[in-house]
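Just run22.csv here, CSV, C-alpha atoms:
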chain,number,residue,atom,x,y,z
C,1,MET,CA,13.5,25.8,-15.7
C,2,THR,CA,10.8,26.6,-13.2
C,3,ILE,CA,9.2,23.2,-13.8
C,4,PHE,CA,12.6,21.5,-13.4
C,5,LEU,CA,13.2,23.3,-10.0
C,6,CYS,CA,9.7,22.6,-8.7
C,7,SER,CA,9.9,19.0,-9.8
C,8,LEU,CA,13.3,18.7,-8.0
C,9,LEU,CA,11.8,20.0,-4.8
C,10,LEU,CA,8.7,17.8,-5.2
C,11,ALA,CA,10.8,14.7,-5.8
C,12,SER,CA,13.0,15.6,-2.8
C,13,SER,CA,10.0,16.1,-0.6
C,14,LEU,CA,8.4,12.7,-1.7
C,15,THR,CA,11.8,11.0,-1.1
C,16,VAL,CA,11.9,12.4,2.4
C,17,LEU,CA,8.3,11.3,2.9
C,18,GLY,CA,9.2,7.8,1.7
C,19,ALA,CA,12.1,7.7,4.2
C,20,VAL,CA,9.8,8.8,7.0
C,21,PHE,CA,7.4,5.9,6.2
C,22,ARG,CA,10.4,3.5,6.2
C,23,VAL,CA,11.4,4.8,9.7
C,24,LEU,CA,7.8,4.5,10.9
C,25,SER,CA,7.4,1.0,9.5
C,26,ALA,CA,10.4,0.0,11.7
C,27,GLU,CA,9.0,1.7,14.7
C,28,GLY,CA,7.7,-1.6,16.1
C,29,THR,CA,11.3,-2.8,16.5
C,30,LEU,CA,11.9,0.0,19.1
C,31,TYR,CA,9.4,-1.7,21.4
C,32,THR,CA,11.8,-4.6,22.1
C,33,ILE,CA,13.2,-5.4,25.5
C,34,GLU,CA,16.5,-7.2,26.1
C,35,ALA,CA,16.9,-8.7,29.6
C,36,PHE,CA,20.4,-10.1,30.3
C,37,LEU,CA,20.8,-13.2,32.4
C,38,PRO,CA,23.7,-14.1,34.8
C,39,GLU,CA,26.4,-16.2,33.1
C,40,ASN,CA,25.9,-19.1,35.4
C,41,VAL,CA,22.1,-19.6,35.0
C,42,GLY,CA,21.1,-23.2,34.3
C,43,GLU,CA,18.8,-24.5,31.5
C,44,ASP,CA,16.0,-25.3,33.9
C,45,SER,CA,16.1,-21.8,35.3
C,46,VAL,CA,16.0,-20.5,31.7
C,47,ALA,CA,12.9,-22.5,31.0
C,48,VAL,CA,11.2,-21.3,34.1
C,49,ILE,CA,12.1,-17.6,33.5
C,50,LYS,CA,10.9,-17.9,29.9
C,51,SER,CA,7.6,-19.3,31.0
C,52,ARG,CA,7.2,-16.5,33.5
C,53,MET,CA,8.0,-13.8,30.9
C,54,GLU,CA,5.6,-15.3,28.4
C,55,HIS,CA,2.8,-14.7,30.9
C,56,PHE,CA,4.0,-11.2,31.8
C,57,ARG,CA,1.5,-8.4,31.1
C,58,GLY,CA,2.1,-6.6,27.9
C,59,ILE,CA,4.6,-9.1,26.5
C,60,GLU,CA,3.8,-10.6,23.0
C,61,SER,CA,6.7,-12.9,22.4
C,62,VAL,CA,9.8,-14.1,24.2
C,63,GLU,CA,13.0,-15.3,22.5
C,64,PHE,CA,16.0,-16.8,24.3
C,65,VAL,CA,19.3,-15.9,22.8
C,66,SER,CA,22.3,-17.9,24.1
C,67,ALA,CA,25.7,-16.4,24.6
C,68,ASP,CA,27.1,-18.2,21.5
C,69,SER,CA,24.2,-17.0,19.3
C,70,ALA,CA,24.6,-13.4,20.6
C,71,LEU,CA,28.3,-13.5,19.8
C,72,ALA,CA,27.7,-14.8,16.2
C,73,ASP,CA,25.1,-12.1,15.6
C,74,PHE,CA,27.6,-9.5,16.9
C,75,ARG,CA,30.3,-10.7,14.5
C,76,ARG,CA,27.8,-10.4,11.6
C,77,HIS,CA,27.1,-6.8,12.3
C,78,PHE,CA,30.4,-5.5,13.7
C,79,PRO,CA,34.1,-6.0,12.8
C,80,GLY,CA,35.9,-8.7,14.7
C,81,GLU,CA,38.6,-6.3,15.9
C,82,MET,CA,36.2,-5.1,18.5
C,83,LEU,CA,36.4,-8.5,20.3
C,84,ASP,CA,40.1,-9.0,20.0
C,85,LEU,CA,40.8,-7.2,23.2
C,86,VAL,CA,38.9,-9.8,25.3
C,87,ASP,CA,39.6,-13.5,25.7
C,88,ASP,CA,36.2,-14.9,26.4
C,89,ASN,CA,32.7,-14.1,25.1
C,90,PRO,CA,31.7,-10.8,26.7
C,91,ILE,CA,28.1,-11.1,25.7
C,92,PRO,CA,25.9,-12.9,28.3
C,93,PRO,CA,22.7,-14.8,27.3
C,94,PHE,CA,19.5,-12.8,27.3
C,95,PHE,CA,15.8,-12.8,26.5
C,96,ARG,CA,14.5,-10.6,23.7
C,97,MET,CA,10.9,-9.6,24.4
C,98,THR,CA,8.5,-7.7,22.2
C,99,LEU,CA,5.4,-5.8,23.4
C,100,VAL,CA,1.9,-6.3,22.2
C,101,LYS,CA,0.6,-3.7,19.8
C,102,GLU,CA,-1.7,-2.1,22.4
C,103,SER,CA,1.3,-1.4,24.6
C,104,ARG,CA,3.7,0.0,22.0
C,105,ASN,CA,4.0,3.5,23.4
C,106,PRO,CA,6.9,5.0,25.3
C,107,ALA,CA,5.0,5.1,28.7
C,108,ASP,CA,4.1,1.4,28.6
C,109,LEU,CA,7.6,0.4,27.4
C,110,GLU,CA,9.3,2.3,30.3
C,111,GLU,CA,6.8,0.8,32.7
C,112,THR,CA,7.4,-2.8,31.4
C,113,VAL,CA,11.2,-2.4,31.6
C,114,ALA,CA,10.8,-1.2,35.2
C,115,ALA,CA,8.5,-4.1,36.1
C,116,ILE,CA,10.8,-6.7,34.5
C,117,SER,CA,13.8,-5.3,36.4
C,118,ARG,CA,12.0,-5.7,39.7
C,119,GLU,CA,11.6,-9.4,39.0
C,120,GLY,CA,15.2,-10.0,40.1
C,121,TYR,CA,16.0,-12.6,37.4
C,122,PHE,CA,18.2,-10.3,35.3
C,123,ASP,CA,21.5,-8.5,35.7
C,124,GLU,CA,20.3,-5.7,33.3
C,125,VAL,CA,17.1,-4.9,31.4
C,126,GLN,CA,17.3,-2.4,28.5
C,127,ALA,CA,15.2,-0.9,25.8
C,128,PRO,CA,15.4,2.1,23.5
C,129,VAL,CA,13.0,4.2,25.5
C,130,ASP,CA,14.5,7.5,24.5
C,131,TRP,CA,14.3,6.7,20.8
C,132,ALA,CA,10.8,5.4,21.1
C,133,THR,CA,9.8,8.7,22.8
C,134,ARG,CA,11.5,10.8,20.1
C,135,VAL,CA,9.8,9.0,17.3
C,136,SER,CA,6.4,9.1,19.0
C,137,GLU,CA,6.7,12.9,19.6
C,138,TRP,CA,7.9,13.6,16.0
C,139,LYS,CA,5.7,11.1,14.2
C,140,PHE,CA,3.0,13.6,13.2
C,141,LYS,CA,5.4,16.4,12.2
C,142,MET,CA,7.5,14.0,10.1
C,143,VAL,CA,4.5,13.1,8.0
C,144,PHE,CA,2.6,16.3,8.1
C,145,TRP,CA,5.2,18.7,6.8
C,146,PRO,CA,6.5,16.7,3.8
C,147,VAL,CA,2.8,16.1,2.7
C,148,CYS,CA,2.0,19.8,3.0
C,149,LEU,CA,5.2,20.7,1.1
C,150,SER,CA,4.4,18.2,-1.7
C,151,LEU,CA,0.8,19.5,-2.0
C,152,LEU,CA,2.1,23.1,-2.1
C,153,LEU,CA,4.6,22.2,-4.8
C,154,LEU,CA,1.9,20.6,-6.9
C,155,VAL,CA,-0.2,23.7,-6.6
C,156,THR,CA,2.8,25.8,-7.6
C,157,LEU,CA,3.5,23.6,-10.6
C,158,SER,CA,-0.1,24.0,-11.7
C,159,LEU,CA,0.0,27.8,-11.4
C,160,ILE,CA,3.3,27.9,-13.3
C,161,ILE,CA,2.0,25.7,-16.1
C,162,CYS,CA,-1.3,27.7,-16.4
C,163,ASN,CA,0.6,31.0,-16.6
C,164,SER,CA,3.1,29.6,-19.1
C,165,VAL,CA,0.3,28.4,-21.4
C,166,ARG,CA,-1.6,31.6,-21.0
C,167,LEU,CA,1.4,33.7,-22.0
C,168,SER,CA,2.0,31.4,-24.9
C,169,LEU,CA,-1.6,31.8,-26.0
C,170,LEU,CA,-1.5,35.6,-25.7
C,171,SER,CA,1.7,35.7,-27.8
C,172,ARG,CA,0.0,33.5,-30.5
C,173,ARG,CA,-3.4,35.0,-30.3
C,174,LEU,CA,-3.5,35.9,-33.9
C,175,LEU,CA,-2.5,32.4,-35.0
C,176,VAL,CA,-5.1,30.8,-32.7
C,177,GLU,CA,-7.8,33.1,-34.0
C,178,ASN,CA,-6.9,32.4,-37.7
C,179,MET,CA,-6.9,28.7,-37.0
C,180,LYS,CA,-10.4,29.0,-35.5
C,181,TYR,CA,-11.7,31.2,-38.3
C,182,ALA,CA,-10.3,28.7,-40.8
C,183,GLY,CA,-12.5,26.0,-39.4
C,184,GLY,CA,-10.0,24.3,-37.1
C,185,SER,CA,-11.6,22.1,-34.5
C,186,PRO,CA,-11.0,22.6,-30.8
C,187,PHE,CA,-8.9,19.5,-30.7
C,188,PHE,CA,-6.8,20.8,-33.6
C,189,ILE,CA,-6.1,24.0,-31.7
C,190,GLU,CA,-5.7,22.5,-28.3
C,191,PHE,CA,-3.4,19.6,-29.2
C,192,PRO,CA,-0.2,21.5,-29.9
C,193,PHE,CA,-0.4,23.4,-26.6
C,194,VAL,CA,-1.2,20.2,-24.6
C,195,LEU,CA,1.7,18.4,-26.3
C,196,GLU,CA,4.0,21.3,-25.5
C,197,GLY,CA,2.9,21.2,-21.8
C,198,MET,CA,3.4,17.5,-21.7
C,199,MET,CA,6.9,17.8,-23.1
C,200,GLN,CA,7.8,20.6,-20.7
C,201,GLY,CA,6.6,18.5,-17.8
C,202,LEU,CA,8.4,15.3,-19.0
C,203,VAL,CA,11.7,17.0,-19.7
C,204,GLY,CA,11.7,19.2,-16.6
C,205,SER,CA,10.7,16.4,-14.2
C,206,GLY,CA,13.0,13.9,-16.0
C,207,LEU,CA,16.0,16.1,-15.5
C,208,ALA,CA,15.1,16.7,-11.9
C,209,VAL,CA,14.7,13.0,-11.2
C,210,VAL,CA,18.1,12.2,-12.9
C,211,LEU,CA,19.8,14.9,-10.8
C,212,LEU,CA,18.2,13.6,-7.6
C,213,LEU,CA,19.1,10.0,-8.4
C,214,ALA,CA,22.8,11.1,-8.9
C,215,VAL,CA,22.8,12.9,-5.6
C,216,VAL,CA,21.2,9.9,-3.7
C,217,GLU,CA,23.7,7.5,-5.3
C,218,SER,CA,26.6,9.6,-4.2
C,219,VAL,CA,25.3,9.8,-0.7
C,220,ALA,CA,24.6,6.1,-0.6
C,221,GLN,CA,28.1,5.3,-1.6
C,222,ALA,CA,29.4,7.4,1.3
C,223,ILE,CA,26.8,6.3,3.9
C,224,PRO,CA,25.9,2.6,3.9
C,225,LEU,CA,22.9,3.2,6.0
C,226,VAL,CA,21.4,5.3,3.2
C,227,ALA,CA,22.2,2.6,0.7
C,228,ALA,CA,20.3,0.0,2.7
C,229,ASN,CA,17.1,2.2,2.7
C,230,VAL,CA,16.8,3.5,-0.8
C,231,GLY,CA,14.8,0.5,-2.1
C,232,GLY,CA,11.8,1.6,-4.1
C,233,LEU,CA,13.2,5.0,-4.9
C,234,GLY,CA,13.2,4.4,-8.6
C,235,SER,CA,9.5,3.6,-8.6
C,236,LEU,CA,8.7,6.7,-6.6
C,237,LEU,CA,10.7,9.0,-8.9
C,238,CYS,CA,9.0,7.5,-12.0
C,239,LEU,CA,5.7,8.3,-10.3
C,240,VAL,CA,6.9,11.9,-9.9
C,241,VAL,CA,7.7,12.1,-13.6
C,242,LEU,CA,4.3,10.7,-14.5
C,243,LEU,CA,2.5,13.0,-12.1
C,244,VAL,CA,4.2,16.1,-13.3
C,245,THR,CA,3.7,15.2,-16.9
C,246,LEU,CA,-0.1,14.5,-16.4
C,247,VAL,CA,-0.5,17.7,-14.4
C,248,SER,CA,1.2,19.7,-17.2
C,249,ALA,CA,-1.0,18.1,-19.8
C,250,TYR,CA,-4.2,18.6,-17.9
C,251,PHE,CA,-3.7,22.3,-17.0
C,252,SER,CA,-2.5,23.1,-20.5
C,253,TYR,CA,-5.7,21.6,-21.8
C,254,ARG,CA,-7.8,23.5,-19.3
C,255,THR,CA,-6.1,26.8,-20.0
C,256,VAL,CA,-6.5,26.5,-23.8
C,257,GLN,CA,-10.1,25.5,-23.3
C,258,ASP,CA,-10.9,28.4,-21.1
C,259,PHE,CA,-9.2,30.8,-23.6
C,260,LEU,CA,-11.3,29.5,-26.5
C,261,LEU,CA,-14.4,29.7,-24.4
C,262,ALA,CA,-13.6,33.3,-23.5
C,263,LYS,CA,-13.1,34.2,-27.1
C,264,ARG,CA,-16.4,32.5,-28.1
C,265,ASN,CA,-18.2,34.6,-25.4
C,266,GLU,CA,-16.6,37.8,-26.7
C,267,ARG,CA,-17.7,37.1,-30.2
C,268,ASP,CA,-21.3,36.3,-29.1
As a first step, turn the structure in this file into structure tokens.
Amino acid sequence: MTIFLCSLLLASSLTVLGAVFRVLSAEGTLYTIEAFLPENVGEDSVAVIKSRMEHFRGIESVEFVSADSALADFRRHFPGEMLDLVDDNPIPPFFRMTLVKESRNPADLEETVAAISREGYFDEVQAPVDWATRVSEWKFKMVFWPVCLSLLLLVTLSLIICNSVRLSLLSRRLLVENMKYAGGSPFFIEFPFVLEGMMQGLVGSGLAVVLLLAVVESVAQAIPLVAANVGGLGSLLCLVVLLVTLVSAYFSYRTVQDFLLAKRNERD
């Protein structure tokens, strides 16, 4: 039961850590600027403005999105009922610009937005400055605490397994000593305890992973955003089962070996 609970917490912590890395991998999309053009701008003006933006300091790429393309993209991501209240296309053409990697920080993003706004070509210039600032401020904490918790749980698991095997050895001390005096090899004595530790780790972590998968599936059905970001969870949870099983086997082996060594020293 204790291995099950620790494995559940460990799997949950690593799942959160995986979600954090997914968020951080998409951090670059936050450093995107959208600059909306007037509706009556001509094609020649679009080309001139695009050329100007391509040479703007800190800009890596510039993409022109026409009003029709913007409307089609909107329909793909949102229900059509949102546009039924208006007759014409309410979305103006705009430029989508991304910053170079060296400038992907909230201060440069805000400065670039202000500089583009001063150019006077656009009706509105927008970028998710607030979100970029929040992610930048919380980036270290979002990675540090799940990693610390995962390491703490691994240490806790190791201590639990060591104590469990030690108690098992003490309760079977007479059997172990008889096996040793009867000429049993160290492998013959150690193998049952190692196998028992492996089975405890496998069963405990397996049940924890099945429970966590059931919870995640239920949440994913209710929240589509979660469903779109659970890719690779199965591999991560299989890794948890393998890790807990190996940790259980290793520390069972070490505990039995130390016990036999202590008995040998007492006899000598």
Out of C:Thr156, C:Thr15, C:Ser7, C:Ser218, which residue has the shortest atom-to-atom distance to Leu233 (chain C) when counting all atoms listed in the file?
-> C:Thr15
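Atom to atom, CA of His55 (chain C) and CA of Gly42 (chain C) stand 20.5 Å apart.
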Give me, please, the distance in Å between CA of Leu167 (chain C) and CA of Val209 (chain C), quoted to one decimal.
-> 26.9 Å
Between CA of Val256 (chain C) and CA of Ser205 (chain C), what is the spacing in Å?
->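 The value is 22.1 Å.
Closest approach to Pro128 (chain C) from the set C:Ala182, C:Ile33, C:Met198, C:Val46 is made by C:Ile33, with distances taken over all atoms listed in the file.
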Check the smallest atom-to-atom distance from each of C:Leu261, C:Leu175, C:Val41, C:Leu14 to Cys148 (chain C) using all atoms listed in the file, then report the winner.
->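 For Cys148 (chain C), the nearest of the given residues is C:Leu14.
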Top pick for closest residue to Leu213 (chain C), considering C:Ala11, C:Ser252, C:Asn178, C:Arg52 and counting only C-alpha atoms | C:Ala11
Nearest candidate to Leu202 (chain C) (options C:Ile3, C:Ala107, C:Leu154, C:Leu71; using only C-alpha atoms) =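 The closest residue to Leu202 (chain C) is C:Ile3.
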